[in-house]
Amino acid sequence: MSKTLRIAIVGAGPAGTYAADIVTSSELPPGYDEIAVDLIDADPTPFGLIRYGVAPDHPRIKEIVKALQRVMNKPEISFHGNIRVGRDISVDELRAHYDAVVVATGARRDADLNIPGIELEGSFGAADFVSWYDAHPEASTEWEFSPEATSVAVLGMGNVALDVARVLAKTAEEMLVTEIPDHVHAGLAANKAVDVHVFGRRGPAQAKFTPMELRELSHSPNVDVIVHPEGFEFDEYSEEYVKQNKAQRLVVNVLTSYLAKDPKPDAACRIHLHFGAQPTEILGEDGKVVGLRTEVTELDGTGNGRGTGEFIDWNVGAVYRAIGYKSDSIEGLPFDFDRNVIPNEAGRVRDESGMAVPGAYVTGWVKRGPIGLIGHTKSDAQETIANLLEDLATQGVGAAEENQGFDGVRPMLDERGITSTTWDGWLSLDAHERALGEADAHTRERVKVASREEMLRVAAGALAR
Ligand code: NAP
């Protein structure tokens with residue numbers, strides 16, 4: 001009798017999809033004749049961060065879906081959307097029906113910043129703003145742009161800070177070539193920011209940008225990029241680091257060229273980059289943001305910043321913190337709340353006592369934290385899948401009691417009234433969004449559907465199959 005290796009991968013973003021690709025391309029462990037992989041996602045759609053994290057004006061990065069789509073088309077791989085593991089189905093229920101469960105849920109929430117004023121109206125997390133402009137089904141359809149907020153602050157010097165600054169600086173019309181739905185366009189039209197101040201707590205050698213994204217900042221004719229000379233400093237450590245590190249050298253070169261260039265007088269909006277500025281307080285009046293206080297920092301000789309005791313107050317009407325993301329815990333699996341990852345050793349999930357949790361694996365940002373570009377999750381998945389297959393080979397066949405895969409899961413979802421989506425459902429929604437784009441006055445490649453109900457409705461034709 002043939003024996004199928006059944007793997008559930010929780011999260012159908014790049015990390016989960018790469019894991020599915022690698023495991024279906026690997027040699028099966030002894031005792032198995034075939035493999036079936038189910039990619040399960042809380043979103044009704046596949047592609048995770050590519051659909052709901054990459055900025056809409058970054059179509060080049062969104063092209064990665066083509067490679068992911070090829071993986072999804074493998075006959076051994078199925079997609080099941082609109083199912084939140086830990087709520088709609090438990091991890092233990094999955095473990096009973098699969099030989100292994102691989103968690104690849106990424107990092108979607110804003111890291112905490114504990115400074116006074118964080119709760120004020122007009123103090124935002126970048127993850128929430130990104131979810132809004134990327135039209136995530138759980139994001140509100142409205143964004144509170146204050147008409148007084150002509151000057152705004154963005155905290156952090158990473159690529160998310162650049163995305164946020166760029167989207168705030170561009171005109172709503174410029175964004176109309178992208179896939180944003182009407183409510184996002186209307187929201188952006190209400191944005192009055194003309195000065196976007198980005199703050200880094202260390203120097204240019206410590207900026208986390210990638211060179212291409214930094215260069216792109218100046219591509220809009222409506223935007224001028226201004227690097228301020230205060231804090232544009234290097235200690236010996238930083239100079240050596242820049243010498244040794246080509247990507248950082250490119251970043252510093254771009255920043256230096258911004259620093260030296262003439263202002264663009266006809267630009268409608270300016271993005272200011274400030275170094276050596278540690279945010280210490282968001283200033284408020286009547287519960288609303290009216291400013292940001294930063295402490296001037298200096299490099300301490302090891303590339304770290306230390307406070308100088310000198311403070312500067314900036315008049316800004318909104319503060320967006322883009323200081324990194326964090327992962328959510330999943331009911332039924334251990335979680336390290338200090339590092340915001342599922343504790344693991346090379347992808348094998350470990351409990352509080354360091355013991356392996358049988359059949360549970362992890363890959364991507366929820367494994368190692370939200371660092372690195374999309375492609376980096378491939379090597380992560382390679383390590384996790386190699387260990388998973390090794391465990392199956394050494395611990396033998398039949399890890400799961402019932403091993404029915406999604407056939408075992410479906411009745412439980414039905415009983416709980418959970419409507420799941422399929423790959424065919426996604427193809428229907430994809431075609432629908434492309435048709436909306438084609439019919440749009442601006443003839444766009446796609447216009448996104450934001451409402452979960454609408455997505456389920458469009459996918460429903462395929463659901464019936
Ligand atoms: P990131 O690259 O880690 O940058 C976070 C920034 O926040 C750093 O400048 C960091 O400064 C700063 N920060 C952290 N804690 C802070 C605090 N308490 N006070 C002030 N500043 C603080 O994170 P990210 O921008 O969220 O990006 C996550 C990953 O996604 C990155 O690998 C990024 O490249 C990738 N990404 C890529 C793109 C793209 O277009 N290619 C777009 C978005 C994201 P320190 O260095 O001093 O800690």
# chains A, B, ... in the order shown; residues from 1 in each chain; ligands from 1
>>> residues_near_ligand(ligand="ligand 1", cutoff="9 Å", atoms="only C-alpha atoms and all ligand atoms", output="JSON, numbers by chain")
{"A": [53, 54, 55, 58, 61, 110, 111, 112, 113, 114, 115, 126, 127, 155, 156, 157, 158, 159, 160, 161, 162, 163, 199, 200, 201, 202, 203, 206, 207, 208, 209, 210, 212, 213, 277, 278, 279, 280, 304, 305, 321, 322, 323, 324, 325, 326, 370, 371, 372, 373, 374]}
>>> select_by_dssp(residues="segment 236-323 of chain A", states="alpha helix (DSSP H)", output="ChimeraX atom specification")
/A:236-244,246-260
>>> atom_distance(atom1="atom CA of Gly405 of chain A", atom2="atom CA of Gly417 of chain A")
19.0 Å
>>> closest_residue(among="A:Phe47, A:Glu174, A:Val154, A:Pro75", to="Glu63 of chain A", atoms="only C-alpha atoms")
A:Phe47
>>> residues_around(residues="segment 183-185 of chain A", least_positions_apart="2", cutoff="8 Å", atoms="only C-alpha atoms", output="compact mmCIF listing (two decimals) with N, CA and C atoms, in the first residue's frame")
# COMPACT_ATOMS: atom_id res chain seq x y z
N TRP A 132 -2.85 49.11 5.59
CA TRP A 132 -3.92 49.95 5.02
C TRP A 132 -3.66 50.21 3.53
N TYR A 133 -2.44 50.68 3.19
CA TYR A 133 -2.24 51.02 1.76
C TYR A 133 -2.16 49.78 0.89
N ALA A 135 -4.18 47.34 1.40
CA ALA A 135 -5.56 46.88 1.40
C ALA A 135 -5.74 45.46 1.97
N THR A 141 -10.67 50.60 6.37
CA THR A 141 -10.63 51.19 5.03
C THR A 141 -10.27 52.68 5.10
N GLU A 142 -10.21 53.23 6.31
CA GLU A 142 -9.89 54.66 6.41
C GLU A 142 -8.57 54.87 7.12
N ALA A 172 -1.15 61.39 -4.55
CA ALA A 172 -2.11 60.30 -4.73
C ALA A 172 -2.20 59.94 -6.21
N GLU A 173 -2.06 60.95 -7.09
CA GLU A 173 -2.15 60.68 -8.54
C GLU A 173 -1.02 59.76 -8.98
N MET A 175 0.29 57.46 -7.40
CA MET A 175 0.03 56.09 -6.96
C MET A 175 -1.07 55.42 -7.78
N LEU A 176 -1.69 56.19 -8.67
CA LEU A 176 -2.82 55.63 -9.43
C LEU A 176 -2.41 54.65 -10.52
N ILE A 180 -3.61 49.98 -6.02
CA ILE A 180 -4.39 50.44 -4.85
C ILE A 180 -5.88 50.58 -5.18
N PRO A 181 -6.74 50.12 -4.29
CA PRO A 181 -8.18 50.31 -4.52
C PRO A 181 -8.59 51.77 -4.27
N GLY A 187 -7.93 58.10 0.35
CA GLY A 187 -7.23 58.37 1.61
C GLY A 187 -5.95 59.14 1.36
N LEU A 188 -5.16 58.69 0.39
CA LEU A 188 -3.88 59.35 0.10
C LEU A 188 -4.09 60.79 -0.37
N ALA A 189 -5.20 61.02 -1.04
CA ALA A 189 -5.49 62.38 -1.52
C ALA A 189 -5.71 63.33 -0.34
>>> residues_around(residues="Leu259 of chain A", least_positions_apart="4", cutoff="9 Å", atoms="only C-alpha atoms", output="PyMOL selection string")
chain A and resi 225-229+254-255
>>> write_last_selection(atoms="all heavy atoms", output="mmCIF file, in the first residue's frame")
data_model
loop_
_atom_site.group_PDB
_atom_site.id
_atom_site.type_symbol
_atom_site.label_atom_id
_atom_site.label_comp_id
_atom_site.auth_asym_id
_atom_site.auth_seq_id
_atom_site.Cartn_x
_atom_site.Cartn_y
_atom_site.Cartn_z
ATOM 1 N N VAL A 225 14.938 64.906 -1.967
ATOM 2 C CA VAL A 225 15.503 64.187 -0.824
ATOM 3 C C VAL A 225 16.636 65.042 -0.249
ATOM 4 O O VAL A 225 17.561 65.421 -0.969
ATOM 5 C CB VAL A 225 16.044 62.804 -1.240
ATOM 6 C CG1 VAL A 225 16.540 62.042 -0.021
ATOM 7 C CG2 VAL A 225 14.966 62.005 -1.962
ATOM 8 N N ILE A 226 16.532 65.332 1.022
ATOM 9 C CA ILE A 226 17.514 66.215 1.657
ATOM 10 C C ILE A 226 18.172 65.459 2.810
ATOM 11 O O ILE A 226 17.492 65.018 3.741
ATOM 12 C CB ILE A 226 16.810 67.488 2.205
ATOM 13 C CG1 ILE A 226 16.152 68.240 1.029
ATOM 14 C CG2 ILE A 226 17.794 68.371 2.956
ATOM 15 C CD1 ILE A 226 15.148 69.277 1.470
ATOM 16 N N VAL A 227 19.497 65.290 2.725
ATOM 17 C CA VAL A 227 20.217 64.690 3.852
ATOM 18 C C VAL A 227 20.789 65.838 4.675
ATOM 19 O O VAL A 227 21.482 66.713 4.148
ATOM 20 C CB VAL A 227 21.343 63.755 3.348
ATOM 21 C CG1 VAL A 227 22.245 63.331 4.502
ATOM 22 C CG2 VAL A 227 20.742 62.521 2.677
ATOM 23 N N HIS A 228 20.495 65.837 5.958
ATOM 24 C CA HIS A 228 20.967 66.927 6.820
ATOM 25 C C HIS A 228 22.359 66.589 7.366
ATOM 26 O O HIS A 228 22.616 65.440 7.751
ATOM 27 C CB HIS A 228 19.961 67.145 7.956
ATOM 28 C CG HIS A 228 18.685 67.753 7.445
ATOM 29 N ND1 HIS A 228 18.315 69.054 7.696
ATOM 30 C CD2 HIS A 228 17.706 67.245 6.647
ATOM 31 C CE1 HIS A 228 17.168 69.314 7.089
ATOM 32 N NE2 HIS A 228 16.776 68.223 6.453
ATOM 33 N N PRO A 229 23.259 67.572 7.387
ATOM 34 C CA PRO A 229 24.649 67.291 7.756
ATOM 35 C C PRO A 229 24.835 66.923 9.235
ATOM 36 O O PRO A 229 25.756 66.175 9.575
ATOM 37 C CB PRO A 229 25.395 68.592 7.432
ATOM 38 C CG PRO A 229 24.350 69.657 7.351
ATOM 39 C CD PRO A 229 23.068 68.981 6.987
ATOM 40 N N VAL A 254 25.253 56.879 -1.915
ATOM 41 C CA VAL A 254 23.990 57.522 -2.322
ATOM 42 C C VAL A 254 23.661 58.659 -1.339
ATOM 43 O O VAL A 254 23.305 59.769 -1.744
ATOM 44 C CB VAL A 254 22.817 56.507 -2.380
ATOM 45 C CG1 VAL A 254 21.530 57.198 -2.828
ATOM 46 C CG2 VAL A 254 23.134 55.344 -3.293
ATOM 47 N N LEU A 255 23.814 58.364 -0.034
ATOM 48 C CA LEU A 255 23.512 59.392 0.976
ATOM 49 C C LEU A 255 24.416 60.602 0.783
ATOM 50 O O LEU A 255 23.974 61.758 0.879
ATOM 51 C CB LEU A 255 23.704 58.811 2.384
ATOM 52 C CG LEU A 255 22.657 57.787 2.827
ATOM 53 C CD1 LEU A 255 23.087 57.093 4.113
ATOM 54 C CD2 LEU A 255 21.293 58.460 3.017
#
>>> atom_distance(atom1="atom CA of Gln395 of chain A", atom2="atom CA of Arg84 of chain A")
29.3 Å
>>> atom_distance(atom1="atom CA of Gly375 of chain A", atom2="atom CA of Ala19 of chain A")
12.1 Å
>>> residues_around(residues="Val101 of chain A", least_positions_apart="6", cutoff="9 Å", atoms="only C-alpha atoms", output="compact mmCIF listing (two decimals) with N, CA, C and O atoms, in the first residue's frame")
# COMPACT_ATOMS: atom_id res chain seq x y z
N ARG A 6 2.57 13.61 4.43
CA ARG A 6 1.68 14.77 4.44
C ARG A 6 2.27 15.87 5.31
O ARG A 6 2.52 15.67 6.50
N ILE A 7 2.45 17.01 4.66
CA ILE A 7 3.05 18.15 5.36
C ILE A 7 2.06 19.32 5.32
O ILE A 7 1.56 19.67 4.24
N ALA A 8 1.81 19.92 6.48
CA ALA A 8 1.03 21.17 6.51
C ALA A 8 2.01 22.32 6.69
O ALA A 8 2.86 22.27 7.59
N ILE A 9 1.91 23.32 5.83
CA ILE A 9 2.74 24.52 6.00
C ILE A 9 1.80 25.67 6.33
O ILE A 9 0.86 25.96 5.58
N VAL A 10 2.02 26.29 7.48
CA VAL A 10 1.13 27.35 7.93
C VAL A 10 1.74 28.68 7.49
O VAL A 10 2.78 29.10 7.99
N VAL A 91 -3.15 23.67 16.41
CA VAL A 91 -1.89 23.06 15.95
C VAL A 91 -1.93 21.56 16.21
O VAL A 91 -1.51 20.75 15.37
N LEU A 94 -3.83 19.76 13.60
CA LEU A 94 -3.02 19.60 12.38
C LEU A 94 -2.00 18.49 12.57
O LEU A 94 -1.80 17.66 11.68
N ARG A 95 -1.36 18.50 13.73
CA ARG A 95 -0.32 17.49 13.96
C ARG A 95 -0.90 16.08 13.92
O ARG A 95 -0.21 15.11 13.59
N GLY A 359 7.16 16.81 15.41
CA GLY A 359 6.40 17.15 14.21
C GLY A 359 6.21 18.64 13.98
O GLY A 359 5.48 19.01 13.07
N ALA A 360 6.85 19.50 14.77
CA ALA A 360 6.65 20.95 14.60
C ALA A 360 7.96 21.62 14.16
O ALA A 360 9.01 21.44 14.78
N TYR A 361 7.87 22.40 13.09
CA TYR A 361 9.04 23.06 12.49
C TYR A 361 8.67 24.51 12.19
O TYR A 361 7.49 24.87 12.17
N VAL A 362 9.69 25.31 11.92
CA VAL A 362 9.45 26.73 11.70
C VAL A 362 10.45 27.25 10.67
O VAL A 362 11.58 26.74 10.59
>>> select_by_dssp(residues="segment 196-355 of chain A", states="strand (DSSP E)", output="PyMOL selection string")
chain A and resi 196-199+223-227+269-274+277-285+288-299+305-314+318-321+325-326+344-345+348-350
>>> write_last_selection(atoms="C-alpha atoms", output="mmCIF file, in the first residue's frame")
data_model
loop_
_atom_site.group_PDB
_atom_site.id
_atom_site.type_symbol
_atom_site.label_atom_id
_atom_site.label_comp_id
_atom_site.auth_asym_id
_atom_site.auth_seq_id
_atom_site.Cartn_x
_atom_site.Cartn_y
_atom_site.Cartn_z
ATOM 1 C CA VAL A 196 8.566 64.005 5.749
ATOM 2 C CA HIS A 197 11.355 63.762 8.352
ATOM 3 C CA VAL A 198 13.037 60.353 8.688
ATOM 4 C CA PHE A 199 15.066 59.832 11.877
ATOM 5 C CA VAL A 223 9.936 64.754 -4.248
ATOM 6 C CA ASP A 224 13.237 66.239 -3.113
ATOM 7 C CA VAL A 225 15.503 64.187 -0.824
ATOM 8 C CA ILE A 226 17.514 66.215 1.657
ATOM 9 C CA VAL A 227 20.217 64.690 3.852
ATOM 10 C CA CYS A 269 7.329 67.495 -1.082
ATOM 11 C CA ARG A 270 10.621 66.974 0.732
ATOM 12 C CA ILE A 271 11.962 63.847 2.438
ATOM 13 C CA HIS A 272 14.528 64.836 5.082
ATOM 14 C CA LEU A 273 16.984 62.257 6.418
ATOM 15 C CA HIS A 274 18.312 63.024 9.920
ATOM 16 C CA ALA A 277 18.633 61.454 16.446
ATOM 17 C CA GLN A 278 17.107 59.083 19.009
ATOM 18 C CA PRO A 279 13.356 59.588 19.469
ATOM 19 C CA THR A 280 12.634 60.072 23.174
ATOM 20 C CA GLU A 281 9.082 61.423 23.308
ATOM 21 C CA ILE A 282 6.085 62.063 21.098
ATOM 22 C CA LEU A 283 4.685 65.427 22.111
ATOM 23 C CA GLY A 284 0.939 65.937 22.333
ATOM 24 C CA GLU A 285 -1.784 68.489 22.898
ATOM 25 C CA LYS A 288 -3.040 64.600 19.438
ATOM 26 C CA VAL A 289 0.530 64.519 18.158
ATOM 27 C CA VAL A 290 2.043 68.001 17.825
ATOM 28 C CA GLY A 291 5.722 67.154 17.878
ATOM 29 C CA LEU A 292 8.597 64.751 18.361
ATOM 30 C CA ARG A 293 11.498 65.127 20.782
ATOM 31 C CA THR A 294 14.804 63.551 19.801
ATOM 32 C CA GLU A 295 18.072 63.314 21.667
ATOM 33 C CA VAL A 296 21.234 64.056 19.709
ATOM 34 C CA THR A 297 23.453 60.974 19.727
ATOM 35 C CA GLU A 298 27.115 60.454 18.928
ATOM 36 C CA LEU A 299 28.852 57.274 17.830
ATOM 37 C CA GLY A 305 24.947 55.649 19.358
ATOM 38 C CA ARG A 306 24.987 57.222 22.827
ATOM 39 C CA GLY A 307 22.892 60.118 24.035
ATOM 40 C CA THR A 308 24.541 63.526 24.469
ATOM 41 C CA GLY A 309 21.862 65.079 26.691
ATOM 42 C CA GLU A 310 20.971 67.581 23.958
ATOM 43 C CA PHE A 311 17.344 67.430 22.851
ATOM 44 C CA ILE A 312 15.579 68.837 19.784
ATOM 45 C CA ASP A 313 11.817 69.305 19.393
ATOM 46 C CA TRP A 314 10.360 68.929 15.919
ATOM 47 C CA ALA A 318 2.040 62.668 12.914
ATOM 48 C CA VAL A 319 4.679 60.072 13.797
ATOM 49 C CA TYR A 320 5.083 56.772 11.953
ATOM 50 C CA ARG A 321 7.348 54.276 13.685
ATOM 51 C CA TYR A 325 8.281 44.156 12.804
ATOM 52 C CA LYS A 326 7.441 41.352 15.197
ATOM 53 C CA ASN A 344 13.768 26.569 17.579
ATOM 54 C CA GLU A 345 17.036 24.959 16.807
ATOM 55 C CA ARG A 348 13.026 22.293 14.922
ATOM 56 C CA VAL A 349 10.580 23.834 17.405
ATOM 57 C CA ARG A 350 11.740 23.582 21.038
#
>>> residues_around(residues="Leu427 of chain A", least_positions_apart="2", cutoff="12 Å", atoms="only C-alpha atoms", output="MDAnalysis selection string")
chainID A and resid 44:46 69 72:73 79 421:425 429:434 455 458:463
>>> residues_around(residues="Ser151 of chain A", least_positions_apart="3", cutoff="9 Å", atoms="only C-alpha atoms", output="list in words")
Glu148, Lys192, Ala193, Val194, Asp195, Val196, His197, Asn315, Val316, Gly317 and Ala318 of chain A
>>> write_last_selection(atoms="N, CA, C and O atoms", output="PDB file, in the first residue's frame")
ATOM      1  N   GLU A 148      -3.850  69.079   9.506  1.00  0.00           N
ATOM      2  CA  GLU A 148      -2.766  69.944  10.044  1.00  0.00           C
ATOM      3  C   GLU A 148      -1.388  69.305   9.879  1.00  0.00           C
ATOM      4  O   GLU A 148      -0.381  69.965  10.076  1.00  0.00           O
ATOM      5  N   LYS A 192      -1.734  65.586   3.718  1.00  0.00           N
ATOM      6  CA  LYS A 192      -1.264  66.968   3.470  1.00  0.00           C
ATOM      7  C   LYS A 192       0.248  67.112   3.726  1.00  0.00           C
ATOM      8  O   LYS A 192       0.764  68.239   3.736  1.00  0.00           O
ATOM      9  N   ALA A 193       0.931  65.983   3.949  1.00  0.00           N
ATOM     10  CA  ALA A 193       2.364  66.080   4.304  1.00  0.00           C
ATOM     11  C   ALA A 193       3.184  66.643   3.142  1.00  0.00           C
ATOM     12  O   ALA A 193       3.089  66.154   2.016  1.00  0.00           O
ATOM     13  N   VAL A 194       3.968  67.660   3.433  1.00  0.00           N
ATOM     14  CA  VAL A 194       4.909  68.187   2.422  1.00  0.00           C
ATOM     15  C   VAL A 194       6.352  68.083   2.916  1.00  0.00           C
ATOM     16  O   VAL A 194       7.289  68.229   2.133  1.00  0.00           O
ATOM     17  N   ASP A 195       6.518  67.847   4.223  1.00  0.00           N
ATOM     18  CA  ASP A 195       7.855  67.605   4.765  1.00  0.00           C
ATOM     19  C   ASP A 195       7.812  66.307   5.566  1.00  0.00           C
ATOM     20  O   ASP A 195       7.106  66.223   6.582  1.00  0.00           O
ATOM     21  N   VAL A 196       8.539  65.308   5.079  1.00  0.00           N
ATOM     22  CA  VAL A 196       8.566  64.005   5.749  1.00  0.00           C
ATOM     23  C   VAL A 196       9.973  63.838   6.342  1.00  0.00           C
ATOM     24  O   VAL A 196      10.960  63.770   5.610  1.00  0.00           O
ATOM     25  N   HIS A 197      10.054  63.828   7.670  1.00  0.00           N
ATOM     26  CA  HIS A 197      11.355  63.762   8.352  1.00  0.00           C
ATOM     27  C   HIS A 197      11.620  62.329   8.813  1.00  0.00           C
ATOM     28  O   HIS A 197      10.856  61.801   9.619  1.00  0.00           O
ATOM     29  N   ASN A 315       8.389  70.093  15.104  1.00  0.00           N
ATOM     30  CA  ASN A 315       6.948  70.290  14.938  1.00  0.00           C
ATOM     31  C   ASN A 315       6.441  69.318  13.884  1.00  0.00           C
ATOM     32  O   ASN A 315       6.637  69.548  12.696  1.00  0.00           O
ATOM     33  N   VAL A 316       5.854  68.269  14.314  1.00  0.00           N
ATOM     34  CA  VAL A 316       5.271  67.326  13.349  1.00  0.00           C
ATOM     35  C   VAL A 316       3.860  66.973  13.812  1.00  0.00           C
ATOM     36  O   VAL A 316       3.589  66.924  15.017  1.00  0.00           O
ATOM     37  N   GLY A 317       2.984  66.723  12.849  1.00  0.00           N
ATOM     38  CA  GLY A 317       1.590  66.440  13.196  1.00  0.00           C
ATOM     39  C   GLY A 317       1.269  64.958  13.199  1.00  0.00           C
ATOM     40  O   GLY A 317       0.131  64.567  13.504  1.00  0.00           O
ATOM     41  N   ALA A 318       2.247  64.125  12.858  1.00  0.00           N
ATOM     42  CA  ALA A 318       2.040  62.668  12.914  1.00  0.00           C
ATOM     43  C   ALA A 318       3.408  62.000  13.021  1.00  0.00           C
ATOM     44  O   ALA A 318       4.413  62.546  12.561  1.00  0.00           O
TER      45      ALA A 318
END
